[in-house]
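entry24.cif follows (mmCIF, C-alpha atoms):
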```cif
data_final
loop_
_atom_site.label_atom_id
_atom_site.label_comp_id
_atom_site.auth_asym_id
_atom_site.auth_seq_id
_atom_site.Cartn_x
_atom_site.Cartn_y
_atom_site.Cartn_z
CA MET A 22 86.68 149.97 -90.62
CA PHE A 23 87.48 150.82 -87.00
CA GLU A 24 84.33 151.41 -84.99
CA ASN A 25 84.62 152.94 -81.54
CA LYS A 26 81.32 152.41 -79.74
CA ASP A 27 82.52 154.76 -76.99
CA GLU A 28 81.79 158.39 -77.72
CA SER A 29 85.26 159.37 -76.42
CA ARG A 30 87.22 159.40 -79.63
CA THR A 31 90.63 160.99 -79.29
CA SER A 32 91.39 163.35 -82.17
CA LEU A 33 94.87 163.03 -83.66
CA SER A 34 95.20 166.81 -83.55
CA ASP A 35 95.13 166.63 -79.76
CA LEU A 36 98.55 164.96 -79.77
CA GLY A 37 100.38 166.57 -82.67
CA GLU A 38 102.82 164.70 -84.94
CA PHE A 39 105.59 164.02 -82.44
CA GLY A 40 103.20 163.26 -79.61
CA LEU A 41 101.42 160.78 -81.89
CA ILE A 42 104.65 159.01 -82.83
CA ASN A 43 105.74 158.81 -79.20
CA HIS A 44 102.35 157.47 -78.14
CA LEU A 45 102.15 154.79 -80.84
CA THR A 46 105.73 153.55 -80.44
CA GLN A 47 106.26 153.77 -76.67
CA THR A 48 105.86 150.02 -76.10
CA PHE A 49 108.18 148.85 -78.90
CA LYS A 50 111.37 147.20 -77.64
CA ILE A 51 114.81 147.04 -79.32
CA LYS A 52 115.96 143.43 -79.82
CA GLN A 53 118.59 143.47 -82.57
CA SER A 54 122.25 143.98 -81.66
CA SER A 55 122.74 145.78 -84.99
CA THR A 56 120.32 148.55 -83.93
CA VAL A 57 122.52 151.30 -82.44
CA THR A 58 119.94 154.11 -82.39
CA GLY A 59 116.22 153.71 -83.04
CA ILE A 60 113.23 156.03 -82.66
CA GLY A 61 113.92 159.31 -80.88
CA ASP A 62 116.73 160.83 -82.92
CA ASP A 63 116.95 162.52 -86.33
CA ALA A 64 117.85 159.21 -87.96
CA ALA A 65 118.39 155.59 -86.98
CA VAL A 66 121.88 154.12 -86.75
CA ILE A 67 122.56 150.53 -87.81
CA ASP A 68 125.79 148.57 -87.57
CA PRO A 69 125.56 145.42 -89.77
CA LYS A 70 129.05 144.22 -88.72
CA GLU A 71 130.48 141.92 -91.40
CA ASN A 72 127.21 141.45 -93.25
CA GLN A 73 125.67 143.15 -96.26
CA LEU A 74 122.54 145.25 -95.79
CA VAL A 75 119.30 144.34 -97.62
CA VAL A 76 116.62 147.06 -98.01
CA THR A 77 113.08 146.86 -99.42
CA THR A 78 109.98 149.06 -99.25
CA ASP A 79 106.27 148.84 -100.07
CA LEU A 80 103.43 151.34 -100.12
CA LEU A 81 99.89 150.19 -99.26
CA VAL A 82 97.00 152.47 -100.24
CA GLU A 83 93.44 152.25 -98.97
CA GLY A 84 91.07 151.28 -101.77
CA VAL A 85 93.89 149.86 -103.87
CA HIS A 86 95.71 147.37 -101.64
CA PHE A 87 93.21 146.93 -98.81
CA ASP A 88 89.54 147.43 -98.01
CA LEU A 89 88.79 148.51 -94.43
CA SER A 90 85.21 147.26 -94.68
CA PHE A 91 86.58 143.77 -94.00
CA MET A 92 90.26 144.28 -93.11
CA PRO A 93 90.67 144.84 -89.33
CA LEU A 94 93.26 147.51 -88.60
CA LYS A 95 95.31 145.22 -86.37
CA HIS A 96 95.49 142.67 -89.21
CA LEU A 97 96.41 145.46 -91.63
CA GLY A 98 99.35 146.53 -89.47
CA TYR A 99 100.55 142.95 -89.24
CA LYS A 100 100.16 142.34 -92.98
CA ALA A 101 101.96 145.58 -93.91
CA VAL A 102 105.02 144.27 -92.09
CA MET A 103 104.74 140.77 -93.61
CA VAL A 104 104.67 142.17 -97.16
CA ASN A 105 108.11 143.68 -96.58
CA LEU A 106 109.71 140.94 -94.50
CA SER A 107 108.82 138.48 -97.25
CA ASP A 108 111.04 140.41 -99.68
CA VAL A 109 113.94 140.28 -97.23
CA TYR A 110 113.57 136.52 -96.80
CA ALA A 111 113.42 136.16 -100.60
CA MET A 112 117.02 137.41 -100.60
CA ASN A 113 117.91 134.64 -98.11
CA ALA A 114 118.58 137.33 -95.51
CA GLU A 115 117.57 137.87 -91.89
CA ALA A 116 115.08 140.70 -91.36
CA THR A 117 116.31 143.03 -88.61
CA GLN A 118 114.60 146.45 -88.68
CA ILE A 119 111.62 148.29 -90.17
CA THR A 120 110.45 151.88 -90.52
CA VAL A 121 106.75 152.72 -90.78
CA SER A 122 105.27 155.89 -92.26
CA ILE A 123 101.55 156.60 -92.43
CA ALA A 124 99.33 159.25 -94.00
CA VAL A 125 95.93 159.35 -92.34
CA SER A 126 92.72 161.35 -92.75
CA ASN A 127 90.85 162.98 -89.88
CA ARG A 128 88.18 160.24 -89.92
CA PHE A 129 90.61 158.05 -87.98
CA PRO A 130 90.77 158.65 -84.21
CA LEU A 131 93.80 157.80 -82.10
CA GLU A 132 92.17 154.52 -81.05
CA ALA A 133 92.16 153.35 -84.67
CA LEU A 134 95.88 153.95 -85.05
CA GLU A 135 96.50 152.16 -81.77
CA GLU A 136 94.89 149.09 -83.36
CA LEU A 137 97.06 149.47 -86.46
CA TYR A 138 100.25 149.74 -84.42
CA ALA A 139 99.23 146.81 -82.22
CA GLY A 140 99.41 144.67 -85.36
CA ILE A 141 102.79 146.17 -86.30
CA GLU A 142 104.11 145.51 -82.80
CA LEU A 143 102.89 141.90 -82.87
CA ALA A 144 104.68 141.32 -86.17
CA CYS A 145 107.88 142.87 -84.82
CA SER A 146 107.69 140.70 -81.72
CA ILE A 147 107.08 137.42 -83.54
CA TYR A 148 109.67 138.02 -86.26
CA ASN A 149 112.24 139.65 -83.95
CA VAL A 150 112.61 142.93 -85.85
CA ASP A 151 113.02 146.46 -84.49
CA LEU A 152 110.86 149.45 -85.38
CA ILE A 153 113.50 152.17 -85.74
CA GLY A 154 111.72 155.11 -87.35
CA GLY A 155 109.05 156.46 -89.65
CA ASP A 156 106.82 159.44 -90.20
CA THR A 157 103.19 160.55 -89.89
CA THR A 158 101.32 163.08 -91.97
CA SER A 159 97.76 163.97 -92.92
CA SER A 160 95.88 162.57 -95.90
CA THR A 161 92.80 163.70 -97.80
CA THR A 162 92.20 160.28 -99.35
CA GLY A 163 92.12 157.83 -96.44
CA LEU A 164 94.96 155.70 -95.09
CA LEU A 165 98.36 155.08 -96.67
CA ILE A 166 101.07 152.91 -95.09
CA SER A 167 104.69 152.79 -96.21
CA VAL A 168 106.96 150.20 -94.62
CA THR A 169 110.68 149.87 -95.26
CA ALA A 170 112.35 146.67 -94.08
CA LEU A 171 116.04 146.12 -93.56
CA GLY A 172 117.87 142.84 -93.29
CA GLN A 173 121.36 141.45 -93.43
CA ALA A 174 123.24 138.41 -94.60
CA GLU A 175 126.74 137.24 -95.28
CA PRO A 176 127.68 138.24 -98.85
CA LYS A 177 128.01 134.62 -100.00
CA GLN A 178 124.56 133.76 -98.59
CA ILE A 179 122.55 136.40 -100.46
CA VAL A 180 120.36 134.87 -103.19
CA LYS A 181 119.21 136.93 -106.19
CA ARG A 182 116.73 136.26 -108.97
CA SER A 183 119.50 135.91 -111.53
CA GLY A 184 121.28 132.71 -110.50
CA ALA A 185 119.12 129.91 -111.94
CA LYS A 186 120.88 127.47 -114.29
CA ASP A 187 119.67 124.92 -116.83
CA GLY A 188 118.75 121.72 -114.98
CA ASP A 189 118.02 123.36 -111.62
CA LEU A 190 114.84 122.26 -109.84
CA LEU A 191 112.01 124.75 -109.27
CA VAL A 192 110.70 124.59 -105.69
CA VAL A 193 107.89 126.39 -103.86
CA SER A 194 107.02 126.59 -100.18
CA GLY A 195 103.54 126.03 -98.78
CA ASP A 196 100.49 126.08 -101.05
CA LEU A 197 99.23 128.60 -103.58
CA GLY A 198 96.07 130.53 -104.42
CA ALA A 199 94.48 130.53 -100.95
CA SER A 200 94.91 134.26 -100.35
CA TYR A 201 93.19 135.17 -103.61
CA MET A 202 90.23 132.92 -102.85
CA GLY A 203 90.03 134.36 -99.35
CA LEU A 204 89.67 137.78 -100.97
CA GLN A 205 86.90 136.48 -103.24
CA VAL A 206 85.00 135.14 -100.23
CA LEU A 207 85.33 138.46 -98.37
CA GLU A 208 84.28 140.46 -101.43
CA ARG A 209 81.21 138.25 -101.85
CA GLU A 210 80.20 138.69 -98.21
CA LYS A 211 80.69 142.45 -98.54
CA GLN A 212 78.17 142.52 -101.39
CA VAL A 213 75.72 140.44 -99.34
CA TYR A 214 76.11 142.88 -96.44
CA LYS A 215 75.37 145.84 -98.74
CA VAL A 216 72.05 144.23 -99.69
CA ASN A 217 71.21 143.06 -96.18
CA PRO A 218 73.16 144.71 -93.32
CA ASN A 219 71.57 142.25 -90.88
CA ALA A 220 73.10 139.24 -92.63
CA GLN A 221 75.88 137.58 -90.62
CA PRO A 222 78.55 135.93 -92.80
CA ASP A 223 79.52 132.33 -92.06
CA LEU A 224 83.25 132.32 -92.74
CA GLU A 225 84.04 129.11 -90.87
CA PRO A 226 84.09 126.93 -94.04
CA TYR A 227 86.65 129.37 -95.50
CA ALA A 228 88.73 129.98 -92.35
CA TYR A 229 92.08 129.00 -93.89
CA LEU A 230 91.53 131.06 -97.04
CA VAL A 231 90.41 134.16 -95.15
CA GLU A 232 93.35 133.91 -92.77
CA ARG A 233 95.76 133.70 -95.69
CA GLN A 234 94.31 136.96 -97.02
CA LEU A 235 93.96 138.91 -93.78
CA LYS A 236 96.95 137.59 -91.82
CA PRO A 237 99.64 136.15 -94.11
CA GLU A 238 102.95 134.94 -92.69
CA ALA A 239 106.34 135.67 -94.24
CA ARG A 240 108.39 132.47 -94.62
CA LYS A 241 111.24 133.12 -92.24
CA ASP A 242 111.00 129.44 -91.32
CA ILE A 243 111.92 128.36 -94.85
CA VAL A 244 115.08 130.48 -94.86
CA GLU A 245 116.04 128.94 -91.52
CA LEU A 246 115.22 125.45 -92.80
CA LEU A 247 117.37 125.84 -95.90
CA LYS A 248 120.33 126.96 -93.80
CA LYS A 249 119.83 124.05 -91.42
CA ILE A 250 119.87 121.45 -94.21
CA GLU A 251 122.69 123.32 -95.99
CA VAL A 252 120.83 124.15 -99.19
CA LEU A 253 121.70 127.48 -100.82
CA PRO A 254 119.15 128.30 -103.56
CA THR A 255 120.56 129.38 -106.91
CA SER A 256 117.76 131.96 -107.31
CA MET A 257 114.76 133.05 -105.26
CA ILE A 258 111.74 135.35 -105.23
CA ASP A 259 108.62 135.71 -103.08
CA ILE A 260 105.17 135.14 -104.54
CA SER A 261 103.33 138.44 -104.17
CA ASP A 262 101.96 138.94 -107.70
CA GLY A 263 101.12 135.33 -108.63
CA LEU A 264 103.16 132.24 -109.52
CA SER A 265 103.20 132.93 -113.26
CA SER A 266 104.50 136.49 -112.83
CA GLU A 267 107.23 135.40 -110.41
CA ILE A 268 108.38 132.57 -112.67
CA ILE A 269 108.72 135.06 -115.52
CA HIS A 270 110.74 137.40 -113.27
CA LEU A 271 113.11 134.56 -112.34
CA CYS A 272 113.53 133.39 -115.92
CA LYS A 273 114.13 136.87 -117.34
CA SER A 274 116.67 137.69 -114.64
CA SER A 275 118.45 134.35 -115.06
CA LYS A 276 118.06 134.22 -118.86
CA THR A 277 116.52 130.75 -118.74
CA GLY A 278 113.34 128.90 -119.60
CA ILE A 279 111.16 126.78 -117.31
CA ARG A 280 108.95 123.71 -117.36
CA LEU A 281 106.23 123.99 -114.74
CA TYR A 282 104.08 120.92 -114.09
CA GLU A 283 100.41 121.61 -113.34
CA GLU A 284 99.95 118.39 -111.38
CA LYS A 285 102.76 119.39 -109.00
CA ILE A 286 101.37 122.80 -107.98
CA PRO A 287 100.44 122.52 -104.25
CA LEU A 288 96.78 123.36 -103.56
CA ASP A 289 94.95 123.22 -100.24
CA PRO A 290 91.75 121.11 -100.26
CA GLN A 291 89.74 124.11 -99.02
CA LEU A 292 90.99 126.08 -102.03
CA ILE A 293 89.94 123.35 -104.47
CA GLN A 294 86.48 123.10 -102.91
CA THR A 295 85.95 126.88 -102.90
CA CYS A 296 87.14 127.20 -106.51
CA GLU A 297 84.46 124.68 -107.48
CA GLU A 298 81.87 126.72 -105.57
CA PHE A 299 82.93 129.92 -107.37
CA GLU A 300 83.28 128.07 -110.69
CA LEU A 301 86.94 129.03 -110.99
CA ASP A 302 89.83 126.92 -112.23
CA SER A 303 92.16 126.18 -109.31
CA THR A 304 95.28 126.13 -111.49
CA THR A 305 94.44 129.59 -112.87
CA VAL A 306 93.93 130.88 -109.33
CA ALA A 307 97.29 129.46 -108.21
CA LEU A 308 99.07 130.94 -111.25
CA SER A 309 97.52 134.39 -111.13
CA GLY A 310 96.15 134.96 -107.63
CA GLY A 311 99.02 136.61 -105.78
CA GLU A 312 99.54 137.62 -102.13
CA ASP A 313 100.58 134.12 -101.11
CA TYR A 314 103.96 135.36 -99.81
CA GLU A 315 105.46 131.92 -100.30
CA LEU A 316 109.04 131.52 -101.50
CA LEU A 317 109.76 130.33 -105.04
CA PHE A 318 113.34 129.23 -105.64
CA THR A 319 115.64 127.02 -107.66
CA ILE A 320 118.16 124.51 -106.34
CA LYS A 321 120.86 122.34 -107.84
CA GLN A 322 119.76 118.80 -108.66
CA GLU A 323 122.29 117.36 -106.21
CA ASP A 324 120.43 119.09 -103.36
CA TYR A 325 117.18 117.27 -104.09
CA ASP A 326 117.75 114.54 -101.50
CA LYS A 327 118.06 117.22 -98.79
CA ILE A 328 114.55 118.58 -99.42
CA LYS A 329 112.87 115.35 -100.57
CA GLY A 330 109.83 114.51 -98.50
CA ASN A 331 109.75 117.82 -96.64
CA PRO A 332 106.05 118.74 -96.19
CA HIS A 333 106.80 122.48 -96.53
CA LEU A 334 108.51 122.22 -99.94
CA THR A 335 107.32 121.01 -103.33
CA VAL A 336 109.31 120.56 -106.54
CA ILE A 337 107.02 121.93 -109.26
CA GLY A 338 109.31 122.06 -112.29
CA HIS A 339 112.81 122.53 -113.62
CA VAL A 340 114.89 125.14 -115.41
CA THR A 341 115.50 124.82 -119.16
CA PRO A 342 117.57 126.74 -121.73
CA GLU A 343 116.23 130.19 -122.54
CA HIS A 344 115.31 129.29 -126.12
CA ASP A 345 112.92 126.58 -124.84
CA GLY A 346 110.72 129.26 -123.32
CA MET A 347 108.57 129.24 -120.18
CA ASN A 348 105.91 126.55 -120.35
CA LEU A 349 103.19 124.98 -118.24
CA ILE A 350 102.86 121.23 -118.75
CA THR A 351 99.18 120.44 -118.15
CA ARG A 352 97.73 117.30 -116.62
CA ALA A 353 96.93 116.26 -120.19
CA ASN A 354 100.67 116.58 -121.01
CA THR A 355 100.11 119.64 -123.21
CA SER A 356 102.65 122.45 -123.22
CA ILE A 357 101.21 125.98 -122.79
CA PRO A 358 103.30 129.19 -122.67
CA ILE A 359 103.26 130.82 -119.24
CA VAL A 360 101.74 134.31 -119.34
CA ALA A 361 101.80 136.85 -116.51
CA ARG A 362 98.24 137.49 -115.39
CA GLY A 363 98.93 138.34 -111.75
CA TRP A 364 98.51 141.58 -109.82
CA ASN A 365 99.51 144.76 -111.65
CA ALA A 366 99.55 147.80 -109.37
CA LEU A 367 99.51 150.21 -112.32
CA LYS A 368 96.76 148.53 -114.34
CA ASN A 369 94.10 150.90 -115.65
CA GLU A 370 90.62 150.40 -114.26
CA GLU A 371 88.14 149.07 -116.79
#
```
Go ahead and express the file in the form of structure tokens.
Amino acid sequence: MFENKDESRTSLSDLGEFGLINHLTQTFKIKQSSTVTGIGDDAAVIDPKENQLVVTTDLLVEGVHFDLSFMPLKHLGYKAVMVNLSDVYAMNAEATQITVSIAVSNRFPLEALEELYAGIELACSIYNVDLIGGDTTSSTTGLLISVTALGQAEPKQIVKRSGAKDGDLLVVSGDLGASYMGLQVLEREKQVYKVNPNAQPDLEPYAYLVERQLKPEARKDIVELLKKIEVLPTSMIDISDGLSSEIIHLCKSSKTGIRLYEEKIPLDPQLIQTCEEFELDSTTVALSGGEDYELLFTIKQEDYDKIKGNPHLTVIGHVTPEHDGMNLITRANTSIPIVARGWNALKNEE
């Protein structure tokens, strides 16, 4: 949670809604040529030229999607943008604009929201997107953040979930499961802190995992790479809810089956070591963890030579006919049906 050691905390009521918006967004710069009108009018104006517009939105709720006891507000602002940009890149599109709306309780001073928007501004700067609008309102339940991201692409370049064909190769970027294990480490240290507030956590051995949880990166670089090597995926999705859930989404949309090979799933050494420490199965974590924000996609077999040997991409399986089902081939060469056990935002609490 934001802690202001200085007694001078600026109340949000001192600024009012429009004063708050102006204050938080005054340093944001317009970079995209498609942005005609941004913040400051009744609505934004966008001119996508010859391209098609891609739109996605996500709502993040305190206590459900993030815990401010270990999530710095600047990191939260950055991550809220990444969650949405990842969906744009999963359509093989270029992210161009975002809107940000927040509902905030009176326990947050202006200085806390400045931290939040510093993270949003950093994300916009690095990923070259414009903040073009949003809204602020009060909340009785803490902090809520809603981000809408817009992107664009040539019609023939847009990739959906529904294009996979029998024989296509299943490819994933980066490595999987690290974000989930980063969350487990942070949750453990939170419990230690509750027992002993003087205890200082040593997160250095888990630096990569914690970073993947607190400051994920959307894979804009993979979209750019695929264009550079002239590979157009046949289907694509981002991994937000876990590998198993996303595979099922792809297969259901494409009306196909899949063979996923356990030994091919990319795992970081720090993840494997931490799973052993927590007595968790690393394959289960990779399948069900979620919040990796990597790209999962299928390509034609003839494109294999173009991605072969690339350290950012791993072929982890191939598409099969729908009647063959979705199966994990274990290291022992046993076939197990793939079941969705990833994040479910509407799951009832036990």
**Request:** Name the residues that the PyMOL selection byres ((chain A and resi 288) around 10) pulls out of this structure, and write them as a ChimeraX atom specification.
**Result:** /A:195-199,284-287,289-293,303-304,306-307
**Prompt:** Of the residues A:Leu317, A:Leu152, A:Val192, A:Val213, which is the one nearest to Tyr138 of chain A, using all atoms listed in the file?
**Reply:** A:Leu152
**Prompt:** Could you work out how far atom CA of Glu343 of chain A lies from atom CA of Tyr314 of chain A, giving the answer in Å with one decimal?
**Reply:**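 Atom CA of Glu343 of chain A lies 26.3 Å from atom CA of Tyr314 of chain A.
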**Message:** Neighbouring residues of Ile328 of chain A were defined as those with any atom within 12 Å, considering all atoms listed in the file; residues of the same chain fewer than 3 positions away were excluded. Please report them as a PyMOL selection string.
**Reply:** chain A and resi 190-194+243+246-254+319-325+331-336
Need the axis-aligned box for segment 164-170 of chain A with 6 Å each side, so what are the centre and edges in Å to one decimal, as lines of an AutoDock Vina configuration file?
```
center_x = 103.7
center_y = 151.2
center_z = -95.4
size_x = 29.4
size_y = 21.0
size_z = 14.6
```
**Request:** Tell me which of A:Glu175, A:Glu135, A:Glu297, A:Asp345 sits closest to Asp187 of chain A, counting all atoms listed in the file.
**Result:**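 Checking each of A:Glu175, A:Glu135, A:Glu297, A:Asp345 against Asp187 of chain A, counting all atoms listed in the file, the winner is A:Asp345.
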**Message:** List as a list in words the protein and nucleic acid residues near Thr31 of chain A, meaning an atom at most 7 Å away when only C-alpha atoms are counted, but skip any in the same chain fewer than 3 places from it.
**Reply:**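 Neighbouring residues, sequence-local ones excluded: Pro130, Leu131 and Glu132 of chain A.
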**Request:** Compile the contact shell of Arg209 of chain A as an MDAnalysis selection string: residues with an atom at most 12 Å away, counting only C-alpha atoms, same-chain residues fewer than 3 positions apart removed.
**Result:** chainID A and resid 91 202:206 212:216 222:224 299
**Request:** Starting from the shown file, work through the PyMOL selection byres ((chain A and resi 170) around 8) and note down what comes out as a PyMOL selection string.
**Result:** chain A and resi 76-78+102+105-106+109+116-120+168-169+171-172
